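Asker: Take a look at the following structure, please.
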Amino acid sequence: MPAPRAPDTFPRLLLHHASIRGNQPAIREKYLGIWQSSTWSQTRDEVEWLACGLAQKGLARGAHIAVIGANRPRLYWTLMAAQSLGAIPVPFYEDAVAQEMVYVFQNAEIEFAVVEDQEQADKLLEILPECPKLKHIWYDNPRGLRHYTNPELANYDDLREAGRARARAEPGLFTAEIEKGDAAETAIMLYTSGTTGHPKGVVLSHANLVCASQAYQELEGLRDDEEVLAYLPMAWIGQNVFSYAQWMVVGFRVNCIESAETVMTDMREIGPTYYFAPPRVLEGLLTQVTIRMEDASWVKRRMFQYFMDLARRVGANLLDGRPVSGPDRFKYALGKLIVYDPLRNALGMSRVRVAYTAGEAIGPDLFVFYRSLGINLKQLYGSTETSVMVCVQPNGEVKPDTVGPPMKGVELRVLDSGEIVLRCPGLFRAYYKNDVATREAKDSEGWFHTGDAGYFDAGGHLKIIDRAKDVGKLSDGTLFAPKYLENKLKFFPHIKEAVAFGDGKAEATAMINIDVQAVGDWAERRGIPYSGYTDLAAKPQVIELIRDCVEKVNQDLARDPKLAGSQIHRFVVLHKELDADDGELTRTRKVRRGFIGEKYATIVDALYSGIEHCIVEAQVRFEDGRVGSVRADLPINPARTHAAQPERAAA
Amino acid sequence: MNLRELEPGKVERKLGDVILSLDDVSLSFGGVKALSGVSFDVREHEVRAIIGPNGAGKSSLLNVINGVYRPQQGRISFRGETRTHMEPRHTAELGISRTFQSLALFKGMSVLDNILAGRNLRMRTNILLQALRVGPALREEIEHRKRVEEIIDFLEIQHVRKTQVGRLPYGLQKRVDLGRALAAEPKVLLLDEPMAGMNVEEKQDMSRFILDVNDEFGTTIVLIEHDMGVVMDLSDRVVVLDYGKKIADGTPDEVRASQAVIDAYLGVKH
């Protein structure tokens, strides 16, 4: 008799957890204000029924099935059920507009879809004529769908019940299907958001994701009693690895938020021990804290300022075990009692043992803010293609501007061009039906070309500067790293997004989006009336406020001899918020610089032609899909720049 | 009336029999005739709109229906019972709820407590048991809370369930007001300008909620509204009032084509 195989695929991991921790909660969802748990054995049963239902409807091995919606247990069960049958789930961003979905449905020849609600079902019905292969759409929440008569639509409950009957009639079906699976088979396909051209389907195997997850488990000592909050889009690799792959490998608990607006409350109620957030989420939290502190009484404000200054000085050192003087230790302990712990509690981070941030560069001040509160926030580096498994900062060696040394099992080199190439167990198999792109990204020896530019620092930590293709030069040859400038601007709470231009030009310039919440609050405090974003962004006082931020960045840049030349000479405060629906941001909210440069070519020209005003018209796509346009007269604002400060006083 | 437990197809989008009818109702305040000889009916599961220029008597008509005003003449029939006037408490007990043009919420209380207040008439245990939080009172409270949570889920206001109503933006307060009215599990819901003062997006949301209420619970809806686009999209039939008189009654298309309505809204040359 062959020895029982170690669980090496997600369905086998599910059976494993159901047998050894069957009565422990696996996943929770807040419904009607109460956290409802499902144990591992309940999860196993649900997945079995669903899998049998899908098998009956004809979901074949190797076929793709779309999963669209927010984090809901039933959608996670769909991932498992599809994988149990050897089918490949393809999660979608829930806020994607219908037309963006067409390409993926056609590319992956998707016949089956499980969606959350009417909103998602409507989108699929809209694209149905363009995607003739799509035959079945099951919805979780029937609200509003009662009078739909489309033959493709059916209720998830019916599918589950049909499966339940089938499972009763054929008890061995589920396990037999799982037995057929192999770790080298495709587990999931995630489409990269595609800053250029069509999105590419990244094919990841069970082995890729399981190996990457095990590496994290080992590194951080993850246990089965961790609490994790599922609140990021399911189609994002970060969410998938942290709330699905690692969940299945370690067997901890995933908690699905009630709605996007309740994240803060839900987080406080759950108190996650293991937390993952892209920098923009951390930034949003800090902005809220800052605004609330401005509203607080004088005493509280002073106390907050005093202790946060102290924390910035000694907090991170305490966390990293570096020496700190006795009096400072005492003051920090006092601060912990009256400021840091209550603040951590308000953020829902009281129990956080390990927190990661990834996806984008994080501002050093932002990063240090969380660490100084005693939250073990660390950076990691990875991408969809590598199952987020490349570099992690080990405890005690956390620096704000690096992403740490390569993880175990990762081989990493920096090419002469500055591009980072690597090989690792989590490395994707291929781009789906796109050999050209696969060959471009993965060379004959299996090295993956990340497209990121960076280098190792003295301590062997990797430092990422920018995308290799984005790093440019001003016309006088000065280094121009747009991301670097944008990040510096975005660290100001009043600036939400920034887009820097300057490659091949004489000077660097920028377009800026104000943060309507922070600036709106600032305006209210000063009694400046405004009607909406466009009006607020055009107020001369607001432009002065932004000018101040830009000039501070310039001051900072002047201190760095390499970058002093790329100070921002002129800027424009945009009249509309950059939005993914208008194609200006990717679904993961990264700015698409090239697209913006083309779309707002009039503004870019104006920034370099010396005129003082420019009239611009922009298309806006509303949430219901209608298109309108916004017209504005934007002033081009100069900003003071500084002479490069010599590194030492001239003799 | 549980959203999730209702079987699809159980509530049909089919207009039933007449549930409420007004026959020759006249109301005057001193010498001012607010309503003169108005008759119209509302069928079950219907969305019935009342429109008209300012001062046409729309709100007075709602107030007659729920018993705040006592008409001098005419009869009101609700579910087969005919009266000369209604009493506010009795109306509520019969299953007629309403929302208000200028909100009627407890500003200092949370959203949850405000909606819970809407269940007032459905509470059976007495105040003493409730204060002591014993046996039956506790069970009842849990049941009420469950219903309230269903409404919160339905109206998508989970994120503010514990926020003071006074601190909410106007659009959300309107939604809470609707929630409070829904909490009584009404047969007929009277909405007095549910979209007044809202922006386009809030109006769209509110329209969707009104249709969903009508669709999922089969609640009959009588609404007063100024936004003609909304009225024409939402309602099955429209009554038009002008100077207290009914000048038109019919489907949105019929009403739109009526010369009397065009004159009332655009004015006529004398």
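Order determines the names: the first chain of the structure tokens is A, the second B, and so forth; residues in each chain are numbered 1 upward, and ligands are numbered 1 upward as they are shown.
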If we count only C-alpha atoms, what is near B:Ser26 at a cut-off of 12 Å, once residues fewer than 6 positions away on the same chain are taken out, given as a ChimeraX atom specification?
Answerer: /B:32-39,57,60-61,64,69-76,84-85,243-246
Asker: Running DSSP on the backbone, which parts of stretch 75-235 of chain B land in strand (DSSP E or B), as a list in words?
Answerer: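 Everything in stretch 75-235 of chain B that counts as strand (DSSP E or B) is Arg75, Ile76, Ser77, Phe78, Glu81, Thr82, Arg83, Ile96, Ser97, Arg98, Thr99, Ser110, Gln164, Val188, Leu189, Leu190, Leu191, Asp192, Thr220, Ile221, Val222, Leu223 and Ile224 of chain B.
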Asker: So which bits of stretch 92-244 of chain B end up helix (DSSP H, G or I) when you DSSP the backbone, as a PyMOL selection string?
Answerer: chain B and resi 92-94+111-117+120-122+127-132+135-154+158-160+165-167+170-183+200-216+228-234
Asker: Based on the selection just made, write C-alpha atoms of those residues as a compact mmCIF listing (two decimals), in the first residue's frame.
Answerer:
```
# COMPACT_ATOMS: atom_id res chain seq x y z
CA ALA B 92 -49.74 52.61 11.90
CA GLU B 93 -51.25 49.50 13.47
CA LEU B 94 -53.11 48.75 10.25
CA VAL B 111 -28.86 54.57 13.28
CA LEU B 112 -29.53 51.24 14.93
CA ASP B 113 -31.65 52.76 17.72
CA ASN B 114 -33.57 54.93 15.28
CA ILE B 115 -34.58 51.96 13.17
CA LEU B 116 -35.33 49.95 16.29
CA ALA B 117 -37.68 52.76 17.33
CA ASN B 120 -42.16 50.22 18.61
CA LEU B 121 -45.64 48.98 17.69
CA ARG B 122 -44.40 45.43 17.33
CA ILE B 127 -41.41 48.36 29.78
CA LEU B 128 -40.63 46.79 33.16
CA LEU B 129 -39.55 43.47 31.65
CA GLN B 130 -37.54 45.36 29.05
CA ALA B 131 -35.76 47.42 31.68
CA LEU B 132 -34.89 44.28 33.66
CA GLY B 135 -36.56 36.13 29.65
CA PRO B 136 -39.22 37.07 27.11
CA ALA B 137 -38.04 40.67 26.81
CA LEU B 138 -34.53 39.55 25.94
CA ARG B 139 -35.75 37.03 23.37
CA GLU B 140 -37.95 39.67 21.83
CA GLU B 141 -35.12 42.18 21.71
CA ILE B 142 -32.91 39.72 19.86
CA GLU B 143 -35.68 39.13 17.35
CA HIS B 144 -36.18 42.87 16.83
CA ARG B 145 -32.46 43.43 16.48
CA LYS B 146 -32.34 40.74 13.82
CA ARG B 147 -35.05 42.45 11.80
CA VAL B 148 -33.27 45.78 12.17
CA GLU B 149 -29.99 44.25 11.00
CA GLU B 150 -31.79 42.88 7.95
CA ILE B 151 -32.97 46.37 7.12
CA ILE B 152 -29.47 47.77 7.66
CA ASP B 153 -28.10 45.12 5.31
CA PHE B 154 -30.86 45.87 2.81
CA GLN B 158 -23.68 48.80 7.86
CA HIS B 159 -20.80 51.22 8.11
CA VAL B 160 -22.84 53.75 10.10
CA VAL B 165 -27.87 60.12 13.02
CA GLY B 166 -27.19 63.84 13.43
CA ARG B 167 -23.64 63.34 12.20
CA TYR B 170 -28.42 64.25 4.47
CA GLY B 171 -28.65 61.49 1.86
CA LEU B 172 -27.89 58.84 4.45
CA GLN B 173 -30.34 60.34 6.94
CA LYS B 174 -33.05 59.96 4.30
CA ARG B 175 -32.08 56.32 3.99
CA VAL B 176 -32.29 55.87 7.77
CA ASP B 177 -35.75 57.49 7.70
CA LEU B 178 -36.80 54.91 5.11
CA GLY B 179 -35.31 52.19 7.30
CA ARG B 180 -37.32 53.39 10.31
CA ALA B 181 -40.51 53.27 8.25
CA LEU B 182 -39.65 49.80 6.95
CA ALA B 183 -39.03 48.50 10.46
CA VAL B 200 -27.93 62.57 -8.79
CA GLU B 201 -26.06 59.63 -7.31
CA GLU B 202 -28.06 59.67 -4.08
CA LYS B 203 -31.27 59.85 -6.11
CA GLN B 204 -30.23 56.82 -8.12
CA ASP B 205 -29.47 54.90 -4.93
CA MET B 206 -32.77 55.89 -3.36
CA SER B 207 -34.72 54.94 -6.51
CA ARG B 208 -33.10 51.53 -6.43
CA PHE B 209 -34.03 51.06 -2.78
CA ILE B 210 -37.63 52.07 -3.42
CA LEU B 211 -37.92 49.62 -6.29
CA ASP B 212 -36.26 46.91 -4.22
CA VAL B 213 -38.66 47.47 -1.31
CA ASN B 214 -41.58 47.24 -3.71
CA ASP B 215 -40.12 44.22 -5.42
CA GLU B 216 -38.79 42.16 -2.52
CA MET B 228 -40.27 64.22 -12.88
CA GLY B 229 -37.63 61.88 -14.26
CA VAL B 230 -37.75 59.84 -11.06
CA VAL B 231 -41.55 59.80 -10.97
CA MET B 232 -41.89 58.66 -14.57
CA ASP B 233 -39.29 55.90 -14.12
CA LEU B 234 -40.52 54.53 -10.82
```
Asker: If I take atom CA of A:Ile188 and atom CA of A:Ala230, how far is one from the other in Å, to one decimal?
Answerer: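 So the two atoms, atom CA of A:Ile188 and atom CA of A:Ala230, lie 18.1 Å apart.
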Asker: Grab the atom CA of A:Pro233 to atom CA of A:Ala358 distance for me, in Å with one decimal place.
Answerer: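 According to the coordinates, atom CA of A:Pro233 and atom CA of A:Ala358 are separated by 14.3 Å.
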Asker: Given only C-alpha atoms as the basis, pick out the residue of A:Leu412, A:Met407, A:Leu282, A:Met264 nearest to A:Thr357.
Answerer: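 Closest residue, counting only C-alpha atoms: A:Leu282.
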Asker: Any chance you could tabulate, as CSV, the residues of chain A at most 12 Å from chain B with each one's nearest atom pair and distance in Å to one decimal, using only C-alpha atoms, in chain and rising number order?
Answerer:
```
residue,atom,partner,partner_atom,distance
A:Lys30,CA,B:Gln158,CA,10.2
A:Tyr31,CA,B:Asp153,CA,8.2
A:Leu32,CA,B:Glu149,CA,5.0
A:Gly33,CA,B:Glu149,CA,6.5
A:Ile34,CA,B:Glu149,CA,9.3
A:Asp140,CA,B:Arg4,CA,11.2
A:Asn141,CA,B:Arg4,CA,8.7
A:Pro142,CA,B:Pro8,CA,8.3
A:Arg143,CA,B:Glu216,CA,7.9
A:Gly144,CA,B:Asp212,CA,6.6
A:Leu145,CA,B:Pro8,CA,8.9
A:Arg146,CA,B:Pro8,CA,5.8
A:His147,CA,B:Gly9,CA,8.0
A:Tyr148,CA,B:Pro8,CA,10.7
A:Thr149,CA,B:Gly9,CA,11.5
A:Ala154,CA,B:Pro8,CA,11.4
A:Asn155,CA,B:Pro8,CA,9.9
A:Asp157,CA,B:Arg4,CA,11.5
A:Asp158,CA,B:Pro8,CA,11.7
A:Ile257,CA,B:His159,CA,10.9
A:Glu258,CA,B:Gln158,CA,7.6
A:Ser259,CA,B:Gln158,CA,7.5
A:Ala260,CA,B:His159,CA,8.6
A:Glu261,CA,B:His159,CA,5.6
A:Thr262,CA,B:His159,CA,4.8
A:Val263,CA,B:His159,CA,8.6
A:Met264,CA,B:His159,CA,9.2
A:Thr265,CA,B:His159,CA,8.0
A:Asp266,CA,B:His159,CA,9.6
A:Phe622,CA,B:Glu201,CA,9.8
A:Glu623,CA,B:Glu201,CA,9.3
A:Asp624,CA,B:Glu201,CA,9.5
```
Asker: So that I have them on file, write out the residues from the current selection with C-alpha atoms, as a PDB file, in the first residue's frame.
Answerer:
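Saved to selection-v3.pdb:
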```pdb
ATOM      1  CA  LYS A  30     -19.909  39.360   9.160  1.00  0.00           C
ATOM      2  CA  TYR A  31     -23.559  39.016   8.314  1.00  0.00           C
ATOM      3  CA  LEU A  32     -26.384  40.990   9.932  1.00  0.00           C
ATOM      4  CA  GLY A  33     -23.849  42.504  12.278  1.00  0.00           C
ATOM      5  CA  ILE A  34     -22.649  39.169  13.667  1.00  0.00           C
ATOM      6  CA  ASP A 140     -24.541  34.246  -4.344  1.00  0.00           C
ATOM      7  CA  ASN A 141     -26.867  37.108  -3.364  1.00  0.00           C
ATOM      8  CA  PRO A 142     -30.240  36.923  -5.141  1.00  0.00           C
ATOM      9  CA  ARG A 143     -31.261  40.474  -4.296  1.00  0.00           C
ATOM     10  CA  GLY A 144     -32.680  42.292  -7.310  1.00  0.00           C
ATOM     11  CA  LEU A 145     -32.276  39.248  -9.563  1.00  0.00           C
ATOM     12  CA  ARG A 146     -35.703  37.751  -8.949  1.00  0.00           C
ATOM     13  CA  HIS A 147     -37.238  38.817 -12.232  1.00  0.00           C
ATOM     14  CA  TYR A 148     -34.308  37.983 -14.470  1.00  0.00           C
ATOM     15  CA  THR A 149     -35.269  35.312 -16.929  1.00  0.00           C
ATOM     16  CA  ALA A 154     -28.950  30.465 -11.632  1.00  0.00           C
ATOM     17  CA  ASN A 155     -28.773  30.696  -7.879  1.00  0.00           C
ATOM     18  CA  ASP A 157     -28.035  27.717  -3.579  1.00  0.00           C
ATOM     19  CA  ASP A 158     -29.564  25.599  -6.347  1.00  0.00           C
ATOM     20  CA  ILE A 257     -15.190  42.129   6.005  1.00  0.00           C
ATOM     21  CA  GLU A 258     -18.835  43.206   5.993  1.00  0.00           C
ATOM     22  CA  SER A 259     -18.438  45.877   3.324  1.00  0.00           C
ATOM     23  CA  ALA A 260     -15.694  48.101   1.977  1.00  0.00           C
ATOM     24  CA  GLU A 261     -16.832  50.956   4.237  1.00  0.00           C
ATOM     25  CA  THR A 262     -16.622  48.942   7.446  1.00  0.00           C
ATOM     26  CA  VAL A 263     -12.976  47.855   7.200  1.00  0.00           C
ATOM     27  CA  MET A 264     -11.918  50.003  10.164  1.00  0.00           C
ATOM     28  CA  THR A 265     -14.648  48.671  12.468  1.00  0.00           C
ATOM     29  CA  ASP A 266     -14.216  45.082  11.321  1.00  0.00           C
ATOM     30  CA  PHE A 622     -19.341  57.619 -14.133  1.00  0.00           C
ATOM     31  CA  GLU A 623     -19.891  54.545 -12.003  1.00  0.00           C
ATOM     32  CA  ASP A 624     -22.952  53.538 -13.982  1.00  0.00           C
TER      33      ASP A 624
END
```
Asker: Just checking: using only C-alpha atoms, which residue out of B:Leu105, B:Ala184, B:Ala56, B:Ala248 ends up closest to B:Gly118?
Answerer: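 Of B:Leu105, B:Ala184, B:Ala56, B:Ala248, the one nearest B:Gly118 is B:Ala184, counting only C-alpha atoms.
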